[in-house]
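Student: Sharing run-v5.tsv, TSV, N, CA and C atoms:
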```tsv
chain	number	residue	atom	x	y	z
A	1	GLN	N	16.04	-12.16	9.07
A	1	GLN	CA	14.68	-11.75	9.44
A	1	GLN	C	14.17	-10.70	8.45
A	2	VAL	N	12.89	-10.77	8.20
A	2	VAL	CA	12.21	-9.81	7.33
A	2	VAL	C	11.01	-9.27	8.09
A	3	GLN	N	10.84	-7.96	8.04
A	3	GLN	CA	9.67	-7.33	8.64
A	3	GLN	C	8.78	-6.78	7.53
A	4	LEU	N	7.47	-6.97	7.71
A	4	LEU	CA	6.50	-6.53	6.71
A	4	LEU	C	5.44	-5.67	7.40
A	5	VAL	N	5.18	-4.51	6.84
A	5	VAL	CA	4.18	-3.61	7.41
A	5	VAL	C	3.22	-3.16	6.33
A	6	GLU	N	1.95	-3.54	6.46
A	6	GLU	CA	0.94	-3.18	5.48
A	6	GLU	C	0.29	-1.84	5.83
A	7	SER	N	-0.24	-1.21	4.81
A	7	SER	CA	-1.01	0.02	4.98
A	7	SER	C	-1.96	0.16	3.80
A	8	GLY	N	-2.89	1.09	3.91
A	8	GLY	CA	-3.77	1.39	2.79
A	8	GLY	C	-5.16	0.81	2.87
A	9	GLY	N	-5.42	0.01	3.89
A	9	GLY	CA	-6.76	-0.53	4.03
A	9	GLY	C	-7.76	0.56	4.40
A	10	GLY	N	-9.03	0.19	4.35
A	10	GLY	CA	-10.07	1.15	4.70
A	10	GLY	C	-11.43	0.66	4.27
A	11	SER	N	-12.38	1.58	4.26
A	11	SER	CA	-13.74	1.26	3.86
A	11	SER	C	-14.05	1.90	2.53
A	12	VAL	N	-14.73	1.15	1.68
A	12	VAL	CA	-15.05	1.64	0.34
A	12	VAL	C	-16.37	1.02	-0.09
A	13	GLN	N	-17.07	1.69	-0.96
A	13	GLN	CA	-18.31	1.13	-1.49
A	13	GLN	C	-18.01	0.15	-2.61
A	14	ALA	N	-18.93	-0.76	-2.81
A	14	ALA	CA	-18.78	-1.73	-3.89
A	14	ALA	C	-18.57	-1.01	-5.21
A	15	GLY	N	-17.64	-1.55	-6.00
A	15	GLY	CA	-17.28	-0.93	-7.26
A	15	GLY	C	-16.10	0.02	-7.15
A	16	GLY	N	-15.73	0.34	-5.94
A	16	GLY	CA	-14.63	1.26	-5.72
A	16	GLY	C	-13.27	0.57	-5.77
A	17	SER	N	-12.24	1.35	-5.44
A	17	SER	CA	-10.87	0.88	-5.52
A	17	SER	C	-10.11	1.22	-4.25
A	18	LEU	N	-9.10	0.42	-3.98
A	18	LEU	CA	-8.14	0.68	-2.90
A	18	LEU	C	-6.78	0.18	-3.35
A	19	ARG	N	-5.74	0.79	-2.83
A	19	ARG	CA	-4.38	0.28	-3.07
A	19	ARG	C	-3.73	0.02	-1.73
A	20	LEU	N	-3.33	-1.23	-1.54
A	20	LEU	CA	-2.60	-1.61	-0.35
A	20	LEU	C	-1.11	-1.54	-0.61
A	21	SER	N	-0.37	-1.20	0.42
A	21	SER	CA	1.09	-1.19	0.35
A	21	SER	C	1.67	-2.07	1.44
A	22	CYS	N	2.85	-2.59	1.18
A	22	CYS	CA	3.55	-3.41	2.16
A	22	CYS	C	5.02	-3.03	2.12
A	23	ALA	N	5.49	-2.43	3.19
A	23	ALA	CA	6.89	-2.02	3.29
A	23	ALA	C	7.69	-3.16	3.91
A	24	ALA	N	8.72	-3.60	3.21
A	24	ALA	CA	9.58	-4.67	3.70
A	24	ALA	C	10.90	-4.10	4.20
A	25	SER	N	11.39	-4.69	5.27
A	25	SER	CA	12.69	-4.28	5.80
A	25	SER	C	13.40	-5.52	6.36
A	26	GLY	N	14.68	-5.33	6.67
A	26	GLY	CA	15.47	-6.45	7.17
A	26	GLY	C	16.29	-7.08	6.05
A	27	TYR	N	16.33	-8.41	6.04
A	27	TYR	CA	17.15	-9.17	5.08
A	27	TYR	C	16.39	-9.30	3.75
A	28	ILE	N	16.25	-8.16	3.06
A	28	ILE	CA	15.45	-8.09	1.84
A	28	ILE	C	15.98	-9.01	0.75
A	29	SER	N	17.30	-9.10	0.64
A	29	SER	CA	17.90	-9.87	-0.44
A	29	SER	C	17.57	-11.36	-0.38
A	30	SER	N	17.06	-11.80	0.77
A	30	SER	CA	16.71	-13.21	0.91
A	30	SER	C	15.34	-13.55	0.34
A	31	ILE	N	14.56	-12.54	0.03
A	31	ILE	CA	13.17	-12.77	-0.42
A	31	ILE	C	13.14	-13.32	-1.84
A	32	ILE	N	12.44	-14.43	-2.03
A	32	ILE	CA	12.28	-15.05	-3.33
A	32	ILE	C	10.99	-14.58	-3.99
A	33	LYS	N	9.92	-14.56	-3.25
A	33	LYS	CA	8.66	-14.07	-3.76
A	33	LYS	C	7.85	-13.47	-2.63
A	34	MET	N	6.88	-12.63	-3.01
A	34	MET	CA	5.99	-12.00	-2.05
A	34	MET	C	4.55	-12.15	-2.53
A	35	GLY	N	3.64	-11.90	-1.64
A	35	GLY	CA	2.24	-12.06	-2.02
A	35	GLY	C	1.30	-11.47	-1.00
A	36	TRP	N	0.02	-11.74	-1.25
A	36	TRP	CA	-1.05	-11.30	-0.36
A	36	TRP	C	-1.98	-12.47	-0.08
A	37	PHE	N	-2.36	-12.54	1.17
A	37	PHE	CA	-3.43	-13.45	1.61
A	37	PHE	C	-4.53	-12.58	2.21
A	38	ARG	N	-5.70	-13.16	2.38
A	38	ARG	CA	-6.77	-12.47	3.08
A	38	ARG	C	-7.56	-13.45	3.92
A	39	GLN	N	-8.21	-12.92	4.94
A	39	GLN	CA	-9.06	-13.75	5.78
A	39	GLN	C	-10.29	-12.95	6.20
A	40	ALA	N	-11.43	-13.46	5.82
A	40	ALA	CA	-12.69	-12.85	6.19
A	40	ALA	C	-13.18	-13.46	7.49
A	41	PRO	N	-14.01	-12.75	8.24
A	41	PRO	CA	-14.52	-13.29	9.51
A	41	PRO	C	-15.24	-14.61	9.30
A	42	GLY	N	-14.86	-15.60	10.10
A	42	GLY	CA	-15.51	-16.90	10.03
A	42	GLY	C	-15.08	-17.77	8.87
A	43	LYS	N	-14.10	-17.29	8.09
A	43	LYS	CA	-13.64	-18.05	6.93
A	43	LYS	C	-12.17	-18.38	7.06
A	44	GLU	N	-11.72	-19.36	6.27
A	44	GLU	CA	-10.31	-19.72	6.29
A	44	GLU	C	-9.49	-18.68	5.53
A	45	ARG	N	-8.24	-18.64	5.87
A	45	ARG	CA	-7.32	-17.75	5.17
A	45	ARG	C	-7.22	-18.17	3.71
A	46	GLU	N	-7.15	-17.19	2.83
A	46	GLU	CA	-7.22	-17.45	1.39
A	46	GLU	C	-6.06	-16.76	0.68
A	47	TRP	N	-5.37	-17.49	-0.15
A	47	TRP	CA	-4.31	-16.91	-0.97
A	47	TRP	C	-4.95	-16.02	-2.04
A	48	VAL	N	-4.34	-14.86	-2.28
A	48	VAL	CA	-4.87	-13.90	-3.25
A	48	VAL	C	-3.97	-13.79	-4.48
A	49	THR	N	-2.67	-13.53	-4.24
A	49	THR	CA	-1.79	-13.28	-5.37
A	49	THR	C	-0.33	-13.40	-4.95
A	50	THR	N	0.54	-13.65	-5.92
A	50	THR	CA	1.98	-13.81	-5.70
A	50	THR	C	2.75	-13.11	-6.81
A	51	ILE	N	3.92	-12.58	-6.44
A	51	ILE	CA	4.83	-12.02	-7.43
A	51	ILE	C	6.25	-12.46	-7.09
A	52	SER	N	6.98	-12.89	-8.12
A	52	SER	CA	8.37	-13.27	-7.88
A	52	SER	C	9.21	-12.00	-7.81
A	53	ARG	N	10.14	-11.99	-6.88
A	53	ARG	CA	10.86	-10.75	-6.63
A	53	ARG	C	11.80	-10.39	-7.78
A	54	ARG	N	12.43	-11.35	-8.39
A	54	ARG	CA	13.41	-11.04	-9.43
A	54	ARG	C	12.79	-10.96	-10.82
A	55	GLY	N	12.00	-11.93	-11.20
A	55	GLY	CA	11.44	-11.93	-12.54
A	55	GLY	C	10.14	-11.17	-12.69
A	56	GLY	N	9.46	-10.96	-11.55
A	56	GLY	CA	8.21	-10.23	-11.60
A	56	GLY	C	7.03	-11.02	-12.10
A	57	SER	N	7.17	-12.35	-12.20
A	57	SER	CA	6.03	-13.16	-12.61
A	57	SER	C	4.91	-13.04	-11.57
A	58	THR	N	3.68	-12.99	-12.07
A	58	THR	CA	2.54	-12.81	-11.17
A	58	THR	C	1.53	-13.94	-11.32
A	59	TYR	N	0.83	-14.20	-10.25
A	59	TYR	CA	-0.18	-15.26	-10.20
A	59	TYR	C	-1.34	-14.74	-9.35
A	60	TYR	N	-2.56	-15.11	-9.77
A	60	TYR	CA	-3.74	-14.60	-9.09
A	60	TYR	C	-4.75	-15.71	-8.82
A	61	ALA	N	-5.45	-15.57	-7.71
A	61	ALA	CA	-6.60	-16.43	-7.46
A	61	ALA	C	-7.68	-16.08	-8.48
A	62	VAL	N	-8.44	-17.06	-8.86
A	62	VAL	CA	-9.47	-16.85	-9.88
A	62	VAL	C	-10.45	-15.76	-9.47
A	63	VAL	N	-10.76	-15.70	-8.21
A	63	VAL	CA	-11.79	-14.76	-7.74
A	63	VAL	C	-11.35	-13.30	-7.82
A	64	VAL	N	-10.07	-13.04	-7.99
A	64	VAL	CA	-9.60	-11.65	-8.06
A	64	VAL	C	-8.97	-11.32	-9.41
A	65	LYS	N	-8.72	-12.31	-10.23
A	65	LYS	CA	-8.04	-12.09	-11.51
A	65	LYS	C	-8.86	-11.12	-12.37
A	66	GLY	N	-8.15	-10.14	-12.91
A	66	GLY	CA	-8.81	-9.13	-13.73
A	66	GLY	C	-9.27	-7.92	-12.94
A	67	ARG	N	-9.30	-8.03	-11.62
A	67	ARG	CA	-9.70	-6.91	-10.77
A	67	ARG	C	-8.55	-6.41	-9.90
A	68	PHE	N	-7.70	-7.32	-9.46
A	68	PHE	CA	-6.57	-6.97	-8.59
A	68	PHE	C	-5.27	-7.04	-9.39
A	69	THR	N	-4.33	-6.17	-9.03
A	69	THR	CA	-3.02	-6.18	-9.65
A	69	THR	C	-1.94	-6.08	-8.58
A	70	ILE	N	-1.04	-7.03	-8.58
A	70	ILE	CA	0.10	-6.99	-7.65
A	70	ILE	C	1.29	-6.39	-8.37
A	71	SER	N	2.06	-5.58	-7.66
A	71	SER	CA	3.27	-4.99	-8.25
A	71	SER	C	4.27	-4.74	-7.13
A	72	GLN	N	5.48	-4.41	-7.54
A	72	GLN	CA	6.52	-4.17	-6.55
A	72	GLN	C	7.46	-3.09	-7.03
A	73	ASP	N	8.00	-2.36	-6.09
A	73	ASP	CA	9.04	-1.38	-6.36
A	73	ASP	C	10.24	-1.82	-5.53
A	74	ASN	N	11.14	-2.56	-6.17
A	74	ASN	CA	12.26	-3.12	-5.42
A	74	ASN	C	13.20	-2.05	-4.89
A	75	ALA	N	13.24	-0.91	-5.55
A	75	ALA	CA	14.10	0.18	-5.06
A	75	ALA	C	13.57	0.71	-3.73
A	76	LYS	N	12.25	0.66	-3.57
A	76	LYS	CA	11.64	1.13	-2.33
A	76	LYS	C	11.32	0.00	-1.38
A	77	ASN	N	11.60	-1.24	-1.81
A	77	ASN	CA	11.27	-2.41	-0.98
A	77	ASN	C	9.80	-2.41	-0.58
A	78	THR	N	8.96	-2.11	-1.53
A	78	THR	CA	7.53	-2.00	-1.26
A	78	THR	C	6.74	-2.84	-2.25
A	79	LEU	N	5.76	-3.53	-1.70
A	79	LEU	CA	4.83	-4.34	-2.48
A	79	LEU	C	3.49	-3.62	-2.50
A	80	TYR	N	2.77	-3.76	-3.62
A	80	TYR	CA	1.48	-3.09	-3.75
A	80	TYR	C	0.40	-4.10	-4.17
A	81	LEU	N	-0.82	-3.76	-3.82
A	81	LEU	CA	-1.97	-4.50	-4.33
A	81	LEU	C	-3.03	-3.48	-4.72
A	82	GLN	N	-3.20	-3.31	-6.02
A	82	GLN	CA	-4.24	-2.43	-6.54
A	82	GLN	C	-5.52	-3.25	-6.67
A	83	MET	N	-6.55	-2.81	-5.99
A	83	MET	CA	-7.82	-3.55	-6.00
A	83	MET	C	-8.90	-2.67	-6.63
A	84	ASN	N	-9.42	-3.11	-7.75
A	84	ASN	CA	-10.48	-2.38	-8.46
A	84	ASN	C	-11.76	-3.21	-8.47
A	85	SER	N	-12.85	-2.55	-8.78
A	85	SER	CA	-14.16	-3.23	-8.87
A	85	SER	C	-14.41	-4.08	-7.62
A	86	LEU	N	-14.20	-3.48	-6.50
A	86	LEU	CA	-14.32	-4.23	-5.25
A	86	LEU	C	-15.75	-4.68	-5.00
A	87	LYS	N	-15.84	-5.86	-4.40
A	87	LYS	CA	-17.13	-6.46	-4.08
A	87	LYS	C	-17.21	-6.68	-2.56
A	88	SER	N	-18.42	-6.84	-2.06
A	88	SER	CA	-18.59	-7.04	-0.62
A	88	SER	C	-17.83	-8.29	-0.16
A	89	GLU	N	-17.73	-9.27	-1.04
A	89	GLU	CA	-17.02	-10.50	-0.66
A	89	GLU	C	-15.51	-10.33	-0.60
A	90	ASP	N	-15.01	-9.16	-0.98
A	90	ASP	CA	-13.58	-8.87	-0.82
A	90	ASP	C	-13.27	-8.37	0.58
A	91	THR	N	-14.29	-8.14	1.38
A	91	THR	CA	-14.08	-7.68	2.75
A	91	THR	C	-13.29	-8.72	3.53
A	92	ALA	N	-12.16	-8.29	4.09
A	92	ALA	CA	-11.28	-9.21	4.81
A	92	ALA	C	-10.11	-8.44	5.38
A	93	MET	N	-9.36	-9.12	6.23
A	93	MET	CA	-8.05	-8.63	6.65
A	93	MET	C	-7.06	-9.12	5.60
A	94	TYR	N	-6.27	-8.22	5.08
A	94	TYR	CA	-5.30	-8.54	4.05
A	94	TYR	C	-3.89	-8.56	4.63
A	95	TYR	N	-3.17	-9.64	4.34
A	95	TYR	CA	-1.84	-9.85	4.88
A	95	TYR	C	-0.80	-9.91	3.76
A	96	CYS	N	0.28	-9.21	3.96
A	96	CYS	CA	1.45	-9.28	3.09
A	96	CYS	C	2.34	-10.42	3.57
A	97	VAL	N	2.88	-11.19	2.62
A	97	VAL	CA	3.71	-12.34	2.99
A	97	VAL	C	4.98	-12.37	2.14
A	98	ALA	N	5.99	-13.04	2.70
A	98	ALA	CA	7.27	-13.18	1.98
A	98	ALA	C	7.81	-14.59	2.15
A	99	ASP	N	8.40	-15.09	1.08
A	99	ASP	CA	8.99	-16.43	1.06
A	99	ASP	C	10.50	-16.28	0.86
A	100	VAL	N	11.28	-16.86	1.75
A	100	VAL	CA	12.73	-16.75	1.64
A	100	VAL	C	13.41	-18.11	1.41
A	101	ASP	N	12.63	-19.20	1.45
A	101	ASP	CA	13.27	-20.51	1.29
A	101	ASP	C	12.68	-21.31	0.14
A	102	GLY	N	11.73	-20.76	-0.58
A	102	GLY	CA	11.12	-21.43	-1.72
A	102	GLY	C	10.16	-22.53	-1.35
A	103	ARG	N	9.85	-22.67	-0.08
A	103	ARG	CA	8.98	-23.78	0.34
A	103	ARG	C	7.71	-23.31	1.03
A	104	SER	N	7.75	-22.15	1.64
A	104	SER	CA	6.60	-21.73	2.44
A	104	SER	C	6.62	-20.22	2.60
A	105	TRP	N	5.51	-19.68	3.08
A	105	TRP	CA	5.45	-18.26	3.39
A	105	TRP	C	6.01	-18.08	4.80
A	106	ASP	N	7.21	-17.51	4.83
A	106	ASP	CA	7.96	-17.47	6.07
A	106	ASP	C	7.63	-16.26	6.95
A	107	TYR	N	7.27	-15.17	6.32
A	107	TYR	CA	7.04	-13.94	7.07
A	107	TYR	C	5.68	-13.36	6.70
A	108	TRP	N	5.00	-12.85	7.74
A	108	TRP	CA	3.67	-12.27	7.58
A	108	TRP	C	3.63	-10.89	8.22
A	109	GLY	N	2.91	-9.99	7.58
A	109	GLY	CA	2.66	-8.70	8.20
A	109	GLY	C	1.53	-8.81	9.21
A	110	GLN	N	1.20	-7.69	9.82
A	110	GLN	CA	0.16	-7.67	10.86
A	110	GLN	C	-1.24	-7.58	10.28
A	111	GLY	N	-1.32	-7.23	8.99
A	111	GLY	CA	-2.61	-7.17	8.33
A	111	GLY	C	-3.18	-5.76	8.26
A	112	THR	N	-3.99	-5.54	7.23
A	112	THR	CA	-4.71	-4.28	7.09
A	112	THR	C	-6.14	-4.62	6.66
A	113	GLN	N	-7.10	-3.97	7.28
A	113	GLN	CA	-8.51	-4.31	7.08
A	113	GLN	C	-9.08	-3.61	5.85
A	114	VAL	N	-9.77	-4.37	5.03
A	114	VAL	CA	-10.50	-3.83	3.88
A	114	VAL	C	-11.97	-4.18	4.07
A	115	THR	N	-12.81	-3.16	4.03
A	115	THR	CA	-14.25	-3.35	4.19
A	115	THR	C	-14.96	-2.76	2.99
A	116	VAL	N	-15.73	-3.58	2.30
A	116	VAL	CA	-16.47	-3.14	1.12
A	116	VAL	C	-17.95	-3.23	1.41
A	117	SER	N	-18.62	-2.11	1.32
A	117	SER	CA	-20.05	-2.07	1.60
A	117	SER	C	-20.85	-2.04	0.31
A	118	SER	N	-21.95	-2.76	0.33
A	118	SER	CA	-22.77	-2.86	-0.90
A	118	SER	C	-23.91	-1.85	-0.88
```
Write out the structure in this file as structure tokens.
Tutor:
Amino acid sequence: QVQLVESGGGSVQAGGSLRLSCAASGYISSIIKMGWFRQAPGKEREWVTTISRRGGSTYYAVVVKGRFTISQDNAKNTLYLQMNSLKSEDTAMYYCVADVDGRSWDYWGQGTQVTVSS
């Protein structure tokens, strides 16, 4: 089992920045990759970014590439999402996720709300 707890959400004006954190605990060594999803009210859940736990390879959705940066501190078992140049359309609940079997996102955090006002 893996537990994920997000923090760092809040309200910010357009053009501002926020950094989200995700603390992982439990069977950490089983994690293959981690990432972030988001879901805005009335919209489907959307993949944002992924990072491989061992090699650190990163992948981004087109809509956030160049503005968001995913990183990890494996010593602290913490995942980060640095969000810059925020736009109103980035407003959503952001979820930290972990993959332990290479096939699906097996574990989800409870989410942290990000609100960007224009």
Student: Which residue gives the smallest distance to Gly102 in chain A among A:Glu44, A:Lys33, A:Leu81, A:Ser88, with only N, CA and C atoms counted?
Tutor: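 Smallest separation from Gly102 in chain A among the options: A:Lys33.
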Student: Quote the spacing between CA of Val5 in chain A and CA of Gln110 in chain A in Å to one decimal place.
Tutor: 6.7 Å
Student: Skipping near chain neighbours, those fewer than 2 positions away, what residues fall within 5 Å of Thr78 in chain A using only N, CA and C atoms, listed as a list of chain:residue names?
Tutor: A:Cys22, A:Ala23, A:Ala24, A:Gln72, A:Asp73, A:Lys76, A:Tyr80
Student: Calculated over only N, CA and C atoms, which of the candidates A:Met93, A:Met83, A:Gly111, A:Leu4 has the smallest distance to Arg67 in chain A?
Tutor: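 The closest residue to Arg67 in chain A is A:Met83.
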Student: Could you pull the residues within 12 Å of Leu79 in chain A, counting only C-alpha atoms, minus those fewer than 5 positions along the same chain, as a ChimeraX atom specification?
Tutor: /A:4-8,19-25,33-36,49-53,56,69-74,95-98,109
Student: For a test of reading the model, state the distance in Å between atom N of Tyr107 in chain A and atom C of Val2 in chain A, rounded to one decimal.
Tutor: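 Computing the Euclidean distance for atom N of Tyr107 in chain A and atom C of Val2 in chain A yields 7.2 Å.
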Student: When you look at Glu46 in chain A with a cut-off of 7 Å (counting all atoms listed in the file), what residues show up, excluding the ones that are within fewer than 4 positions of it in the same chain? I need them as a PDB file with N, CA and C atoms, in the frame of the given file.
Tutor:
```pdb
ATOM      1  N   TRP A  36       0.020 -11.740  -1.250  1.00  0.00           N
ATOM      2  CA  TRP A  36      -1.050 -11.300  -0.360  1.00  0.00           C
ATOM      3  C   TRP A  36      -1.980 -12.470  -0.080  1.00  0.00           C
ATOM      4  N   PHE A  37      -2.360 -12.540   1.170  1.00  0.00           N
ATOM      5  CA  PHE A  37      -3.430 -13.450   1.610  1.00  0.00           C
ATOM      6  C   PHE A  37      -4.530 -12.580   2.210  1.00  0.00           C
ATOM      7  N   ARG A  38      -5.700 -13.160   2.380  1.00  0.00           N
ATOM      8  CA  ARG A  38      -6.770 -12.470   3.080  1.00  0.00           C
ATOM      9  C   ARG A  38      -7.560 -13.450   3.920  1.00  0.00           C
ATOM     10  N   GLN A  39      -8.210 -12.920   4.940  1.00  0.00           N
ATOM     11  CA  GLN A  39      -9.060 -13.750   5.780  1.00  0.00           C
ATOM     12  C   GLN A  39     -10.290 -12.950   6.200  1.00  0.00           C
ATOM     13  N   ALA A  40     -11.430 -13.460   5.820  1.00  0.00           N
ATOM     14  CA  ALA A  40     -12.690 -12.850   6.190  1.00  0.00           C
ATOM     15  C   ALA A  40     -13.180 -13.460   7.490  1.00  0.00           C
TER      16      ALA A  40
END
```
Student: Can you measure atom N of Trp105 in chain A to atom N of Ser11 in chain A for me? One decimal in Å is fine.
Tutor: 27.8 Å
Student: Give me, as a ChimeraX atom specification, the residues of range 10-105 of chain A that a backbone DSSP run labels strand (DSSP E).
Tutor: /A:10-13,18-26,33-39,46-52,58-60,68-73,78-83,92-99
Student: Only N, CA and C atoms, please: the residues just picked out, written as a compact mmCIF listing (two decimals), in the frame of the given file.
Tutor:
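The new file part.txt reads:
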```txt
# COMPACT_ATOMS: atom_id res chain seq x y z
N GLY A 10 -9.03 0.19 4.35
CA GLY A 10 -10.07 1.15 4.70
C GLY A 10 -11.43 0.66 4.27
N SER A 11 -12.38 1.58 4.26
CA SER A 11 -13.74 1.26 3.86
C SER A 11 -14.05 1.90 2.53
N VAL A 12 -14.73 1.15 1.68
CA VAL A 12 -15.05 1.64 0.34
C VAL A 12 -16.37 1.02 -0.09
N GLN A 13 -17.07 1.69 -0.96
CA GLN A 13 -18.31 1.13 -1.49
C GLN A 13 -18.01 0.15 -2.61
N LEU A 18 -9.10 0.42 -3.98
CA LEU A 18 -8.14 0.68 -2.90
C LEU A 18 -6.78 0.18 -3.35
N ARG A 19 -5.74 0.79 -2.83
CA ARG A 19 -4.38 0.28 -3.07
C ARG A 19 -3.73 0.02 -1.73
N LEU A 20 -3.33 -1.23 -1.54
CA LEU A 20 -2.60 -1.61 -0.35
C LEU A 20 -1.11 -1.54 -0.61
N SER A 21 -0.37 -1.20 0.42
CA SER A 21 1.09 -1.19 0.35
C SER A 21 1.67 -2.07 1.44
N CYS A 22 2.85 -2.59 1.18
CA CYS A 22 3.55 -3.41 2.16
C CYS A 22 5.02 -3.03 2.12
N ALA A 23 5.49 -2.43 3.19
CA ALA A 23 6.89 -2.02 3.29
C ALA A 23 7.69 -3.16 3.91
N ALA A 24 8.72 -3.60 3.21
CA ALA A 24 9.58 -4.67 3.70
C ALA A 24 10.90 -4.10 4.20
N SER A 25 11.39 -4.69 5.27
CA SER A 25 12.69 -4.28 5.80
C SER A 25 13.40 -5.52 6.36
N GLY A 26 14.68 -5.33 6.67
CA GLY A 26 15.47 -6.45 7.17
C GLY A 26 16.29 -7.08 6.05
N LYS A 33 9.92 -14.56 -3.25
CA LYS A 33 8.66 -14.07 -3.76
C LYS A 33 7.85 -13.47 -2.63
N MET A 34 6.88 -12.63 -3.01
CA MET A 34 5.99 -12.00 -2.05
C MET A 34 4.55 -12.15 -2.53
N GLY A 35 3.64 -11.90 -1.64
CA GLY A 35 2.24 -12.06 -2.02
C GLY A 35 1.30 -11.47 -1.00
N TRP A 36 0.02 -11.74 -1.25
CA TRP A 36 -1.05 -11.30 -0.36
C TRP A 36 -1.98 -12.47 -0.08
N PHE A 37 -2.36 -12.54 1.17
CA PHE A 37 -3.43 -13.45 1.61
C PHE A 37 -4.53 -12.58 2.21
N ARG A 38 -5.70 -13.16 2.38
CA ARG A 38 -6.77 -12.47 3.08
C ARG A 38 -7.56 -13.45 3.92
N GLN A 39 -8.21 -12.92 4.94
CA GLN A 39 -9.06 -13.75 5.78
C GLN A 39 -10.29 -12.95 6.20
N GLU A 46 -7.15 -17.19 2.83
CA GLU A 46 -7.22 -17.45 1.39
C GLU A 46 -6.06 -16.76 0.68
N TRP A 47 -5.37 -17.49 -0.15
CA TRP A 47 -4.31 -16.91 -0.97
C TRP A 47 -4.95 -16.02 -2.04
N VAL A 48 -4.34 -14.86 -2.28
CA VAL A 48 -4.87 -13.90 -3.25
C VAL A 48 -3.97 -13.79 -4.48
N THR A 49 -2.67 -13.53 -4.24
CA THR A 49 -1.79 -13.28 -5.37
C THR A 49 -0.33 -13.40 -4.95
N THR A 50 0.54 -13.65 -5.92
CA THR A 50 1.98 -13.81 -5.70
C THR A 50 2.75 -13.11 -6.81
N ILE A 51 3.92 -12.58 -6.44
CA ILE A 51 4.83 -12.02 -7.43
C ILE A 51 6.25 -12.46 -7.09
N SER A 52 6.98 -12.89 -8.12
CA SER A 52 8.37 -13.27 -7.88
C SER A 52 9.21 -12.00 -7.81
N THR A 58 3.68 -12.99 -12.07
CA THR A 58 2.54 -12.81 -11.17
C THR A 58 1.53 -13.94 -11.32
N TYR A 59 0.83 -14.20 -10.25
CA TYR A 59 -0.18 -15.26 -10.20
C TYR A 59 -1.34 -14.74 -9.35
N TYR A 60 -2.56 -15.11 -9.77
CA TYR A 60 -3.74 -14.60 -9.09
C TYR A 60 -4.75 -15.71 -8.82
N PHE A 68 -7.70 -7.32 -9.46
CA PHE A 68 -6.57 -6.97 -8.59
C PHE A 68 -5.27 -7.04 -9.39
N THR A 69 -4.33 -6.17 -9.03
CA THR A 69 -3.02 -6.18 -9.65
C THR A 69 -1.94 -6.08 -8.58
N ILE A 70 -1.04 -7.03 -8.58
CA ILE A 70 0.10 -6.99 -7.65
C ILE A 70 1.29 -6.39 -8.37
N SER A 71 2.06 -5.58 -7.66
CA SER A 71 3.27 -4.99 -8.25
C SER A 71 4.27 -4.74 -7.13
N GLN A 72 5.48 -4.41 -7.54
CA GLN A 72 6.52 -4.17 -6.55
C GLN A 72 7.46 -3.09 -7.03
N ASP A 73 8.00 -2.36 -6.09
CA ASP A 73 9.04 -1.38 -6.36
C ASP A 73 10.24 -1.82 -5.53
N THR A 78 8.96 -2.11 -1.53
CA THR A 78 7.53 -2.00 -1.26
C THR A 78 6.74 -2.84 -2.25
N LEU A 79 5.76 -3.53 -1.70
CA LEU A 79 4.83 -4.34 -2.48
C LEU A 79 3.49 -3.62 -2.50
N TYR A 80 2.77 -3.76 -3.62
CA TYR A 80 1.48 -3.09 -3.75
C TYR A 80 0.40 -4.10 -4.17
N LEU A 81 -0.82 -3.76 -3.82
CA LEU A 81 -1.97 -4.50 -4.33
C LEU A 81 -3.03 -3.48 -4.72
N GLN A 82 -3.20 -3.31 -6.02
CA GLN A 82 -4.24 -2.43 -6.54
C GLN A 82 -5.52 -3.25 -6.67
N MET A 83 -6.55 -2.81 -5.99
CA MET A 83 -7.82 -3.55 -6.00
C MET A 83 -8.90 -2.67 -6.63
N ALA A 92 -12.16 -8.29 4.09
CA ALA A 92 -11.28 -9.21 4.81
C ALA A 92 -10.11 -8.44 5.38
N MET A 93 -9.36 -9.12 6.23
CA MET A 93 -8.05 -8.63 6.65
C MET A 93 -7.06 -9.12 5.60
N TYR A 94 -6.27 -8.22 5.08
CA TYR A 94 -5.30 -8.54 4.05
C TYR A 94 -3.89 -8.56 4.63
N TYR A 95 -3.17 -9.64 4.34
CA TYR A 95 -1.84 -9.85 4.88
C TYR A 95 -0.80 -9.91 3.76
N CYS A 96 0.28 -9.21 3.96
CA CYS A 96 1.45 -9.28 3.09
C CYS A 96 2.34 -10.42 3.57
N VAL A 97 2.88 -11.19 2.62
CA VAL A 97 3.71 -12.34 2.99
C VAL A 97 4.98 -12.37 2.14
N ALA A 98 5.99 -13.04 2.70
CA ALA A 98 7.27 -13.18 1.98
C ALA A 98 7.81 -14.59 2.15
N ASP A 99 8.40 -15.09 1.08
CA ASP A 99 8.99 -16.43 1.06
C ASP A 99 10.50 -16.28 0.86
```
Student: Which polymer residues have any atom within 5 Å of an atom of Asn84 in chain A, counting all atoms listed in the file, with same-chain residues fewer than 4 positions away left out, as a list in words?
Tutor: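 Everything that qualifies: Gly16, Ser17, Arg67 and Phe68 of chain A.
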Student: Rank A:Trp47, A:Asn77, A:Tyr60, A:Gly10 by their smallest atom-to-atom distance to Ile28 in chain A, using all atoms listed in the file, and report the top residue only.
Tutor: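 Closest candidate: A:Asn77.
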Student: So that all listed atoms of range 71-75 of chain A fit with 8 Å spare on each side, what axis-aligned box centre and edge lengths in Å, to one decimal, would you give as lines of an AutoDock Vina configuration file?
Tutor:
```
center_x = 8.1
center_y = -2.4
center_z = -6.0
size_x = 28.0
size_y = 22.3
size_z = 20.5
```
Student: Ranking A:Ile32, A:Val12, A:Leu86, A:Ala92 by minimum distance to Gly55 in chain A and counting only N, CA and C atoms, which one comes first?
Tutor: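 Nearest candidate to Gly55 in chain A out of A:Ile32, A:Val12, A:Leu86, A:Ala92: A:Ile32.
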